[in-house]
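*Asks:* Enclosed is the structure file model02.cif (mmCIF, C-alpha atoms).
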data_my_file
#
loop_
_atom_site.label_atom_id
_atom_site.label_comp_id
_atom_site.auth_asym_id
_atom_site.auth_seq_id
_atom_site.Cartn_x
_atom_site.Cartn_y
_atom_site.Cartn_z
CA MET A 1 14.31 17.12 -6.52
CA LEU A 2 13.95 13.41 -7.23
CA ARG A 3 12.04 11.20 -4.86
CA LEU A 4 14.13 8.89 -2.70
CA LEU A 5 14.71 5.52 -4.34
CA PRO A 6 14.32 2.11 -2.71
CA LEU A 7 17.57 0.89 -1.19
CA TYR A 8 18.23 -1.81 -3.77
CA PHE A 9 17.93 0.76 -6.56
CA LEU A 10 20.32 3.11 -4.77
CA LEU A 11 22.82 0.31 -4.33
CA SER A 12 22.53 -0.82 -7.92
CA LEU A 13 22.98 2.70 -9.24
CA PHE A 14 25.90 3.24 -6.86
CA PHE A 15 27.79 0.21 -8.10
CA LEU A 16 26.97 1.02 -11.70
CA GLY A 17 28.26 4.52 -11.23
CA CYS A 18 31.49 3.70 -9.30
CA ASP A 19 34.55 4.48 -11.40
CA ASP A 20 38.13 4.09 -10.27
CA ASP A 21 40.41 6.87 -11.44
CA ASP A 22 42.73 4.19 -12.84
CA ASP A 23 39.88 2.31 -14.54
CA ASN A 24 39.12 3.41 -18.09
CA SER A 25 36.03 1.14 -18.41
CA GLU A 26 32.86 2.86 -19.57
CA ASP A 27 30.10 3.67 -17.13
CA PRO A 28 26.96 1.69 -18.16
CA ASN A 29 24.88 4.74 -17.27
CA ASP A 30 26.50 6.62 -20.14
CA ASP A 31 24.48 4.48 -22.54
CA PHE A 32 21.29 6.23 -21.48
CA ALA A 33 20.12 9.83 -21.68
CA ILE A 34 16.74 9.39 -20.04
CA GLU A 35 14.61 12.37 -19.04
CA GLU A 36 11.43 12.69 -17.05
CA LEU A 37 8.28 11.86 -19.01
CA GLY A 38 5.86 13.45 -16.56
CA ASP A 39 5.08 14.17 -12.93
CA ASP A 40 5.11 11.08 -10.70
CA VAL A 41 6.26 8.80 -13.53
CA ASN A 42 8.95 6.21 -12.80
CA ILE A 43 11.18 5.25 -15.73
CA PHE A 44 13.43 2.30 -16.41
CA ALA A 45 15.66 2.50 -19.50
CA THR A 46 17.27 -0.62 -20.93
CA ASN A 47 19.29 -1.78 -23.92
CA ALA A 48 16.78 -4.54 -24.61
CA THR A 49 14.42 -4.13 -27.55
CA PRO A 50 10.95 -2.72 -26.80
CA VAL A 51 9.33 -5.93 -28.08
CA ALA A 52 11.45 -8.03 -25.71
CA VAL A 53 10.65 -5.82 -22.72
CA TYR A 54 6.95 -5.75 -23.52
CA ASP A 55 6.80 -9.52 -23.97
CA ASN A 56 8.70 -10.00 -20.71
CA ILE A 57 6.25 -7.77 -18.84
CA ILE A 58 3.33 -9.77 -20.21
CA ALA A 59 5.04 -13.04 -19.24
CA THR A 60 5.82 -11.74 -15.73
CA LEU A 61 2.26 -10.60 -15.17
CA SER A 62 0.78 -13.80 -16.58
CA ALA A 63 2.93 -15.93 -14.27
CA ASN A 64 1.45 -14.24 -11.18
CA GLU A 65 -1.91 -15.79 -10.29
CA ALA A 66 -2.86 -12.79 -8.15
CA ILE A 67 -2.63 -10.41 -11.12
CA GLY A 68 -5.09 -10.10 -13.96
CA ILE A 69 -4.30 -8.39 -17.28
CA VAL A 70 -7.26 -6.16 -18.08
CA ALA A 71 -6.25 -4.85 -21.50
CA GLU A 72 -3.36 -4.37 -23.88
CA VAL A 73 -3.28 -1.32 -26.14
CA ASN A 74 -0.96 -1.02 -29.14
CA HIS A 75 -0.95 2.73 -29.68
CA GLN A 76 1.50 2.46 -32.58
CA GLN A 77 -0.82 0.12 -34.47
CA ASN A 78 -3.89 2.22 -33.67
CA ALA A 79 -2.08 5.27 -35.02
CA ALA A 80 -1.08 3.41 -38.19
CA ASN A 81 -4.68 2.28 -38.69
CA ASN A 82 -5.57 5.97 -38.89
CA GLY A 83 -2.69 6.93 -41.18
CA LEU A 84 -0.56 8.38 -38.37
CA GLU A 85 2.98 7.59 -37.22
CA LEU A 86 4.09 6.79 -33.70
CA PRO A 87 7.17 4.96 -32.34
CA PHE A 88 6.70 1.73 -30.36
CA THR A 89 4.13 2.64 -27.68
CA ARG A 90 2.13 0.00 -25.84
CA THR A 91 0.11 0.17 -22.65
CA ILE A 92 -0.72 -2.76 -20.37
CA LEU A 93 -3.51 -2.40 -17.81
CA PHE A 94 -3.40 -4.93 -14.99
CA GLY A 95 -4.46 -5.29 -11.40
CA ASN A 96 -4.51 -7.22 -8.17
CA PRO A 97 -7.84 -6.72 -6.34
CA THR A 98 -6.27 -7.72 -3.03
CA LEU A 99 -3.99 -4.68 -3.25
CA GLY A 100 -6.23 -2.32 -5.19
CA THR A 101 -9.52 -2.70 -3.31
CA PRO A 102 -8.26 -1.29 0.03
CA ILE A 103 -7.14 1.81 -1.85
CA MET A 104 -10.63 2.31 -3.28
CA GLN A 105 -12.16 1.58 0.12
CA ALA A 106 -10.16 4.57 1.33
CA ASN A 107 -11.19 6.71 -1.66
CA GLN A 108 -13.39 5.41 -4.45
CA LEU A 109 -12.06 8.05 -6.83
CA ALA A 110 -8.76 6.15 -6.85
CA GLY A 111 -10.60 3.73 -9.12
CA LEU A 112 -10.01 6.27 -11.89
CA ASP A 113 -6.29 5.43 -11.67
CA LEU A 114 -6.74 1.70 -11.16
CA PRO A 115 -5.96 -0.84 -12.46
CA GLN A 116 -2.24 -0.21 -12.70
CA LYS A 117 -0.72 0.75 -16.03
CA MET A 118 2.72 0.12 -17.45
CA VAL A 119 3.91 1.42 -20.80
CA THR A 120 6.75 0.23 -23.01
CA LEU A 121 8.15 2.92 -25.27
CA GLU A 122 10.86 3.51 -27.81
CA VAL A 123 12.03 7.05 -27.03
CA ASN A 124 14.83 8.54 -29.12
CA GLY A 125 16.10 5.07 -29.92
CA GLU A 126 16.03 3.89 -26.30
CA THR A 127 13.67 1.37 -24.74
CA VAL A 128 11.80 2.64 -21.72
CA ALA A 129 9.36 0.98 -19.33
CA ALA A 130 7.35 3.54 -17.36
CA TYR A 131 4.63 3.49 -14.73
CA ASN A 132 2.92 5.79 -12.25
CA ALA A 133 4.86 6.16 -9.03
CA VAL A 134 2.83 5.33 -5.93
CA SER A 135 3.24 8.98 -4.92
CA TYR A 136 0.65 9.67 -7.63
CA LEU A 137 -2.02 7.65 -5.82
CA ARG A 138 -0.86 8.97 -2.46
CA ASP A 139 -1.05 12.64 -3.35
CA ARG A 140 -3.94 12.67 -5.82
CA HIS A 141 -6.26 10.50 -3.75
CA GLY A 142 -4.97 10.91 -0.20
CA ILE A 143 -3.92 7.27 0.20
CA SER A 144 -1.70 6.23 3.10
CA ASN A 145 1.79 4.92 2.47
CA SER A 146 0.97 1.71 4.34
CA LEU A 147 -1.53 0.76 1.61
CA LEU A 148 0.87 1.71 -1.16
CA GLU A 149 4.07 0.00 -0.06
CA PRO A 150 3.04 -3.47 -1.34
CA ILE A 151 2.12 -1.95 -4.70
CA GLU A 152 5.44 -0.12 -4.97
CA THR A 153 7.27 -3.38 -4.29
CA ALA A 154 5.14 -5.27 -6.81
CA LEU A 155 5.72 -2.71 -9.58
CA SER A 156 9.46 -2.66 -8.95
CA ASN A 157 9.57 -6.45 -9.05
CA ILE A 158 7.71 -6.54 -12.37
CA VAL A 159 10.17 -4.14 -13.98
CA ASN A 160 13.21 -5.89 -12.52
CA ALA A 161 11.99 -9.27 -13.76
CA SER A 162 11.15 -7.91 -17.21
CA ALA A 163 14.21 -5.72 -17.81
CA PRO A 164 16.87 -6.69 -15.27
CA THR A 165 19.62 -4.50 -16.75
CA GLY A 166 19.22 -0.77 -17.10
CA VAL A 167 18.90 2.58 -15.35
CA PHE A 168 16.07 3.70 -13.07
CA LEU A 169 14.81 7.28 -12.74
CA ALA A 170 12.24 8.11 -10.06
CA GLY A 171 9.70 10.66 -11.21
CA GLU A 172 9.42 13.96 -9.42
CA ALA A 173 6.28 14.29 -7.28
CA GLY A 174 4.04 17.04 -8.59
CA THR A 175 0.41 16.07 -7.99
CA GLU A 176 -2.04 17.67 -5.58
CA PHE A 177 -5.12 16.20 -3.90
CA ASN A 178 -8.04 15.75 -6.37
CA GLU A 179 -6.02 17.56 -9.03
CA GLY A 180 -7.32 17.29 -12.57
CA ILE A 181 -10.49 15.33 -11.80
CA ILE A 182 -13.77 16.49 -13.33
CA GLU A 183 -17.03 15.10 -11.94
CA GLN A 184 -20.72 15.21 -12.74
CA THR A 185 -23.47 14.07 -10.37
CA SER A 186 -25.95 11.76 -12.05
CA THR A 187 -29.72 12.07 -12.03
CA ARG A 188 -29.92 8.30 -12.59
CA SER A 189 -29.20 5.11 -10.70
CA PHE A 190 -25.74 3.57 -10.82
CA ASP A 191 -26.71 0.88 -13.34
CA ALA A 192 -28.65 3.33 -15.54
CA THR A 193 -25.75 5.80 -15.51
CA PHE A 194 -23.19 3.21 -16.52
CA SER A 195 -25.48 1.78 -19.20
CA ALA A 196 -26.06 5.24 -20.66
CA LEU A 197 -22.31 5.86 -20.71
CA VAL A 198 -21.64 2.59 -22.53
CA ASP A 199 -24.36 3.46 -25.06
CA ALA A 200 -22.91 6.93 -25.63
CA ILE A 201 -19.48 5.47 -26.35
CA THR A 202 -20.51 2.51 -28.50
CA THR A 203 -22.84 4.59 -30.68
CA ASN A 204 -20.11 7.16 -31.40
CA GLU A 205 -18.33 6.07 -34.59
CA ASN A 206 -15.23 8.05 -33.60
CA LEU A 207 -14.70 6.11 -30.37
CA ILE A 208 -13.32 2.64 -29.66
CA LEU A 209 -14.51 0.83 -26.54
CA VAL A 210 -11.40 -0.89 -25.19
CA ASP A 211 -12.79 -2.54 -22.05
CA SER A 212 -14.74 -2.03 -18.85
CA LEU A 213 -13.87 -3.07 -15.33
CA ASP A 214 -16.16 -3.83 -12.41
CA HIS A 215 -14.10 -2.92 -9.36
CA GLN A 216 -16.88 -4.05 -7.00
CA ALA A 217 -17.05 -7.53 -8.57
CA ASN A 218 -13.27 -7.83 -8.49
CA ALA A 219 -13.29 -6.90 -4.81
CA ALA A 220 -15.90 -9.57 -4.11
CA SER A 221 -13.70 -12.13 -5.89
CA VAL A 222 -11.14 -11.73 -3.08
CA ASP A 223 -13.79 -11.51 -0.32
CA LEU A 224 -13.62 -7.72 0.05
CA GLU A 225 -16.44 -5.19 -0.03
CA LEU A 226 -16.69 -2.11 -2.20
CA ARG A 227 -19.57 0.14 -3.16
CA PRO A 228 -20.62 0.02 -6.85
CA THR A 229 -17.62 1.23 -8.85
CA LYS A 230 -17.02 0.65 -12.56
CA LEU A 231 -14.39 1.92 -14.97
CA ILE A 232 -14.79 2.20 -18.72
CA ILE A 233 -11.79 2.52 -21.05
CA PHE A 234 -12.13 3.98 -24.54
CA GLY A 235 -10.27 6.08 -27.07
CA ASN A 236 -10.03 7.95 -30.33
CA PRO A 237 -6.60 7.47 -32.00
CA ASP A 238 -7.11 10.53 -34.20
CA LEU A 239 -7.14 12.70 -31.08
CA GLY A 240 -4.87 10.68 -28.79
CA THR A 241 -2.00 10.09 -31.21
CA PRO A 242 -1.01 13.77 -31.56
CA LEU A 243 -0.68 13.94 -27.77
CA MET A 244 1.62 10.90 -27.74
CA GLN A 245 3.60 12.27 -30.67
CA ASN A 246 4.35 15.23 -28.40
CA ASN A 247 5.17 13.14 -25.31
CA GLN A 248 4.81 9.36 -25.34
CA GLY A 249 4.57 9.41 -21.54
CA ILE A 250 0.94 10.48 -21.80
CA SER A 251 0.20 6.93 -22.97
CA LEU A 252 0.00 6.20 -19.23
CA ASP A 253 -3.31 8.07 -19.30
CA LEU A 254 -4.48 6.93 -22.71
CA PRO A 255 -6.89 5.51 -23.71
CA GLN A 256 -9.34 7.73 -21.89
CA LYS A 257 -11.06 6.46 -18.74
CA MET A 258 -14.32 7.29 -17.00
CA LEU A 259 -15.27 6.12 -13.52
CA VAL A 260 -18.87 5.63 -12.42
CA TYR A 261 -19.28 5.19 -8.67
CA GLU A 262 -21.96 5.24 -6.00
CA MET A 263 -21.23 7.10 -2.79
CA GLU A 264 -22.28 6.06 0.70
CA ASP A 265 -25.40 8.29 0.55
CA GLY A 266 -26.47 6.74 -2.76
CA THR A 267 -25.31 9.64 -4.93
CA VAL A 268 -23.91 8.48 -8.27
CA ARG A 269 -21.06 10.34 -9.93
CA VAL A 270 -19.10 10.16 -13.16
CA ALA A 271 -15.43 11.18 -12.99
CA TYR A 272 -12.72 11.60 -15.61
CA ASN A 273 -9.38 13.31 -16.21
CA ASP A 274 -9.28 16.93 -17.31
CA PRO A 275 -7.31 16.97 -20.61
CA ASP A 276 -5.68 20.28 -19.66
CA TYR A 277 -4.41 18.68 -16.46
CA LEU A 278 -2.89 15.82 -18.45
CA ALA A 279 -1.26 18.35 -20.77
CA ASP A 280 0.33 20.00 -17.73
CA ARG A 281 1.31 16.71 -16.12
CA PHE A 282 3.14 15.56 -19.23
CA ASP A 283 4.34 19.03 -20.23
CA LEU A 284 2.84 18.91 -23.71
CA GLY A 285 4.12 21.56 -26.06
CA ASP A 286 2.27 24.22 -28.00
CA GLY A 287 0.01 23.55 -30.94
CA LEU A 288 -2.33 21.09 -29.24
CA GLU A 289 -4.87 23.57 -27.89
CA GLU A 290 -7.53 22.72 -30.49
CA THR A 291 -7.09 18.97 -29.94
CA LEU A 292 -7.32 19.36 -26.16
CA THR A 293 -10.45 21.51 -26.51
CA THR A 294 -12.05 18.88 -28.75
CA ILE A 295 -11.21 16.11 -26.26
CA ALA A 296 -12.57 18.16 -23.35
CA GLY A 297 -15.83 18.77 -25.19
CA ALA A 298 -16.21 15.11 -26.13
CA LEU A 299 -15.65 13.97 -22.54
CA ASP A 300 -18.12 16.52 -21.20
CA ASN A 301 -20.73 15.34 -23.72
CA LEU A 302 -20.23 11.71 -22.68
CA ALA A 303 -20.55 12.54 -18.99
CA THR A 304 -23.68 14.56 -19.67
CA ALA A 305 -25.19 11.73 -21.69
CA ALA A 306 -24.47 9.32 -18.82
CA THR A 307 -25.75 11.51 -16.00
CA GLY A 308 -28.81 12.93 -17.77
CA ASN A 309 -27.82 16.51 -16.93
#
Could you rewrite the structure in this file as structure tokens?
*Replies:*
Amino acid sequence: MLRLLPLYFLLSLFFLGCDDDDDNSEDPNDDFAIEELGDDVNIFATNATPVAVYDNIIATLSANEAIGIVAEVNHQQNAANNGLELPFTRTILFGNPTLGTPIMQANQLAGLDLPQKMVTLEVNGETVAAYNAVSYLRDRHGISNSLLEPIETALSNIVNASAPTGVFLAGEAGTEFNEGIIEQTSTRSFDATFSALVDAITTNENLILVDSLDHQANAASVDLELRPTKLIIFGNPDLGTPLMQNNQGISLDLPQKMLVYEMEDGTVRVAYNDPDYLADRFDLGDGLEETLTTIAGALDNLATAATGN
């Protein structure tokens, strides 16, 4: 069953869907045949071109002084660079430390799913903007609704400003607490662990370091406190592209991410997403078992190199 939509979405869909028996005008919703891309994924389909929607999202984010764009990833171009084909698929990573830090104060592991991500896709000839529903943070990391409501509003506003005409589909909640998170405890300090992880990624010719994010420093920039918490973003298009060819929605979790964080007792951990969990979340089809096994092994090796285990 679909999650309840905000009132303004319900009203907009109601008026779009109203049809007088005597009125032969076409229902705008008939232009779209959108389906769920994955658990807890909100979708907005529009007649605008993917380039226009993507550019509008960038412009909307850039116009908000409270938001910082962390990275832009052109999966289609990365695939082409490796001789692979993929429809228009681009991911934007962005954040607002004022909204994100309290979530990580409640549970540092939420830093694995922050900053926010929004993808623009061309799916079966339709343009789709998609993002993680706040139910994902709520259920996976045990975050209260009171902390998530401002983020839900902000994400909805970004989509509405970037693609004002279209159809909204709320993703079905399907995530459990701590689901799909693999962790290793480090034998090293926080700084040494993160440095070793960076070295392991940058010295691997198959990997591309996209960016890193210091959640603690970003918290301090808005006068908030957070224990040491850093995210590193990296990828391998040869392995990631086949997953997106199967379901472009998984671009919400690609490139790969690893979180290094220090707990209250000083313990340092490295956390990342289990590839098999992502395969389940995005309902990937058969034939990807070998790729998923290779990704799982690579991630385990990186975590081991970082933690010294």
*Asks:* Applying 10 Å and all atoms listed in the file, which residues near A:Tyr277 remain after dropping the ones on its own chain fewer than 6 positions away? List them as a short mmCIF file (atom, residue, chain, number, x, y, z; two decimals) with C-alpha atoms, in the frame of the given file.
*Replies:*
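And here's selection-v1.cif as it stands now:
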data_model
loop_
_atom_site.label_atom_id
_atom_site.label_comp_id
_atom_site.auth_asym_id
_atom_site.auth_seq_id
_atom_site.Cartn_x
_atom_site.Cartn_y
_atom_site.Cartn_z
CA GLU A 179 -6.02 17.56 -9.03
CA GLY A 180 -7.32 17.29 -12.57
CA ILE A 181 -10.49 15.33 -11.80
CA ASP A 283 4.34 19.03 -20.23
#
*Asks:* State, in Å with one decimal place, the distance from atom CA of A:Glu152 to atom CA of A:Gln256.
*Replies:*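 If I compute the distance from atom CA of A:Glu152 to atom CA of A:Gln256, I get 23.8 Å.
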*Asks:* So how far away is atom CA of A:Thr291 from atom CA of A:Leu239, in Å?
*Replies:*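 Rounded to one decimal, the two atoms are 6.4 Å apart.
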*Asks:* I'd like the residues picked by the PyMOL selection byres ((chain A and resi 240) around 9) written out as a ChimeraX atom specification, using the chain letters and numbers from the file.
*Replies:* /A:75,79,235-239,241-245,251,254-256,291,295
*Asks:* Using all atoms listed in the file, which of A:Ile143, A:Leu292, A:Leu226, A:Ala217 sits nearest A:Ile103?
*Replies:*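 Result for the nearest residue to A:Ile103: A:Ile143.
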*Asks:* Selection in question (the file shown): the PyMOL selection byres ((chain A and resi 167) around 7). Which residues does it include, as JSON, numbers by chain?
*Replies:* {"A": [29, 44, 45, 46, 166, 168, 169]}
*Asks:* Just to be explicit: take each residue in the selection above, keep C-alpha atoms, and write the result as a CSV table (one decimal), in the coordinates of the input.
*Replies:*
chain,number,residue,atom,x,y,z
A,29,ASN,CA,24.9,4.7,-17.3
A,44,PHE,CA,13.4,2.3,-16.4
A,45,ALA,CA,15.7,2.5,-19.5
A,46,THR,CA,17.3,-0.6,-20.9
A,166,GLY,CA,19.2,-0.8,-17.1
A,168,PHE,CA,16.1,3.7,-13.1
A,169,LEU,CA,14.8,7.3,-12.7
*Asks:* For the provided coordinates, the residues matched by the PyMOL selection byres ((chain A and resi 96) around 10) should be stated as a PyMOL selection string.
*Replies:* chain A and resi 64-69+94-95+97-101+114-116+151+154+218-219+222
*Asks:* When you draw a straight line from atom CA of A:Leu207 to atom CA of A:Ala305, how long is it in Å?
*Replies:*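 Atom-to-atom, atom CA of A:Leu207 and atom CA of A:Ala305 are spaced 14.7 Å apart.
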*Asks:* With distances taken over only C-alpha atoms, which of A:Asn157, A:Gln216, A:Leu197, A:Asp223 is nearest to A:Leu302?
*Replies:*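 That would be A:Leu197, the residue with the smallest distance to A:Leu302.
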*Asks:* Using all atoms listed in the file for the distances, tell me which of A:Pro102, A:Gly285, A:Pro228, A:Pro275 is nearest to A:Met263.
*Replies:*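 Smallest distance to A:Met263 is found for A:Pro228.
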*Asks:* Using all atoms listed in the file, which of A:Val159, A:Val51, A:Ile250, A:Val70 sits nearest A:Asp214?
*Replies:* A:Val70
*Asks:* Would you mind telling me which residue in A:Asn132, A:Thr127, A:Asn273, A:Asn145 lies nearest to A:Asn178 when using all atoms listed in the file?
*Replies:* A:Asn273
*Asks:* May I ask which of the residues A:Asp280, A:Glu262, A:Glu36, A:Asp274 is the closest one to A:Phe190, counting all atoms listed in the file?
*Replies:*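 Result for the nearest residue to A:Phe190: A:Glu262.
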*Asks:* Some atoms are missing, so please complete stretch 74-95 of chain A with N, CA and C atoms and return it as a PDB file, keeping the file's coordinate frame.
*Replies:*
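Result written to selection_24.pdb:
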ATOM      1  N   ASN A  74      -2.076  -1.291 -28.236  1.00  0.00           N
ATOM      2  CA  ASN A  74      -0.960  -1.020 -29.140  1.00  0.00           C
ATOM      3  C   ASN A  74      -1.219   0.334 -29.799  1.00  0.00           C
ATOM      4  N   HIS A  75      -0.708   1.387 -29.184  1.00  0.00           N
ATOM      5  CA  HIS A  75      -0.950   2.730 -29.680  1.00  0.00           C
ATOM      6  C   HIS A  75      -0.320   2.937 -31.059  1.00  0.00           C
ATOM      7  N   GLN A  76       0.826   2.328 -31.288  1.00  0.00           N
ATOM      8  CA  GLN A  76       1.500   2.460 -32.580  1.00  0.00           C
ATOM      9  C   GLN A  76       0.636   1.899 -33.699  1.00  0.00           C
ATOM     10  N   GLN A  77       0.041   0.727 -33.457  1.00  0.00           N
ATOM     11  CA  GLN A  77      -0.820   0.120 -34.470  1.00  0.00           C
ATOM     12  C   GLN A  77      -2.092   0.917 -34.660  1.00  0.00           C
ATOM     13  N   ASN A  78      -2.673   1.405 -33.564  1.00  0.00           N
ATOM     14  CA  ASN A  78      -3.890   2.220 -33.670  1.00  0.00           C
ATOM     15  C   ASN A  78      -3.618   3.494 -34.466  1.00  0.00           C
ATOM     16  N   ALA A  79      -2.438   4.083 -34.250  1.00  0.00           N
ATOM     17  CA  ALA A  79      -2.080   5.270 -35.020  1.00  0.00           C
ATOM     18  C   ALA A  79      -1.957   4.929 -36.504  1.00  0.00           C
ATOM     19  N   ALA A  80      -1.273   3.826 -36.791  1.00  0.00           N
ATOM     20  CA  ALA A  80      -1.080   3.410 -38.190  1.00  0.00           C
ATOM     21  C   ALA A  80      -2.412   3.131 -38.870  1.00  0.00           C
ATOM     22  N   ASN A  81      -3.353   2.563 -38.129  1.00  0.00           N
ATOM     23  CA  ASN A  81      -4.680   2.280 -38.690  1.00  0.00           C
ATOM     24  C   ASN A  81      -5.396   3.552 -39.123  1.00  0.00           C
ATOM     25  N   ASN A  82      -4.960   4.681 -38.553  1.00  0.00           N
ATOM     26  CA  ASN A  82      -5.570   5.970 -38.890  1.00  0.00           C
ATOM     27  C   ASN A  82      -4.619   6.854 -39.698  1.00  0.00           C
ATOM     28  N   GLY A  83      -3.598   6.208 -40.319  1.00  0.00           N
ATOM     29  CA  GLY A  83      -2.690   6.930 -41.180  1.00  0.00           C
ATOM     30  C   GLY A  83      -1.718   7.847 -40.457  1.00  0.00           C
ATOM     31  N   LEU A  84      -1.444   7.546 -39.177  1.00  0.00           N
ATOM     32  CA  LEU A  84      -0.560   8.380 -38.370  1.00  0.00           C
ATOM     33  C   LEU A  84       0.665   7.574 -37.948  1.00  0.00           C
ATOM     34  N   GLU A  85       1.746   8.252 -37.625  1.00  0.00           N
ATOM     35  CA  GLU A  85       2.980   7.590 -37.220  1.00  0.00           C
ATOM     36  C   GLU A  85       3.253   7.798 -35.742  1.00  0.00           C
ATOM     37  N   LEU A  86       3.745   6.745 -35.104  1.00  0.00           N
ATOM     38  CA  LEU A  86       4.090   6.790 -33.700  1.00  0.00           C
ATOM     39  C   LEU A  86       5.141   5.714 -33.438  1.00  0.00           C
ATOM     40  N   PRO A  87       6.209   6.015 -32.694  1.00  0.00           N
ATOM     41  CA  PRO A  87       7.170   4.960 -32.340  1.00  0.00           C
ATOM     42  C   PRO A  87       6.503   3.899 -31.466  1.00  0.00           C
ATOM     43  N   PHE A  88       7.213   2.832 -31.181  1.00  0.00           N
ATOM     44  CA  PHE A  88       6.700   1.730 -30.360  1.00  0.00           C
ATOM     45  C   PHE A  88       6.127   2.304 -29.060  1.00  0.00           C
ATOM     46  N   THR A  89       4.824   2.120 -28.864  1.00  0.00           N
ATOM     47  CA  THR A  89       4.130   2.640 -27.680  1.00  0.00           C
ATOM     48  C   THR A  89       2.996   1.689 -27.333  1.00  0.00           C
ATOM     49  N   ARG A  90       3.158   0.956 -26.239  1.00  0.00           N
ATOM     50  CA  ARG A  90       2.130   0.000 -25.840  1.00  0.00           C
ATOM     51  C   ARG A  90       1.844   0.135 -24.345  1.00  0.00           C
ATOM     52  N   THR A  91       0.564   0.062 -24.029  1.00  0.00           N
ATOM     53  CA  THR A  91       0.110   0.170 -22.650  1.00  0.00           C
ATOM     54  C   THR A  91      -0.495  -1.148 -22.196  1.00  0.00           C
ATOM     55  N   ILE A  92      -0.128  -1.575 -20.990  1.00  0.00           N
ATOM     56  CA  ILE A  92      -0.720  -2.760 -20.370  1.00  0.00           C
ATOM     57  C   ILE A  92      -1.473  -2.292 -19.124  1.00  0.00           C
ATOM     58  N   LEU A  93      -2.722  -2.677 -19.002  1.00  0.00           N
ATOM     59  CA  LEU A  93      -3.510  -2.400 -17.810  1.00  0.00           C
ATOM     60  C   LEU A  93      -3.699  -3.705 -17.056  1.00  0.00           C
ATOM     61  N   PHE A  94      -3.356  -3.696 -15.781  1.00  0.00           N
ATOM     62  CA  PHE A  94      -3.400  -4.930 -14.990  1.00  0.00           C
ATOM     63  C   PHE A  94      -3.686  -4.578 -13.536  1.00  0.00           C
ATOM     64  N   GLY A  95      -4.156  -5.577 -12.795  1.00  0.00           N
ATOM     65  CA  GLY A  95      -4.460  -5.290 -11.400  1.00  0.00           C
ATOM     66  C   GLY A  95      -4.459  -6.508 -10.510  1.00  0.00           C
TER      67      GLY A  95
END
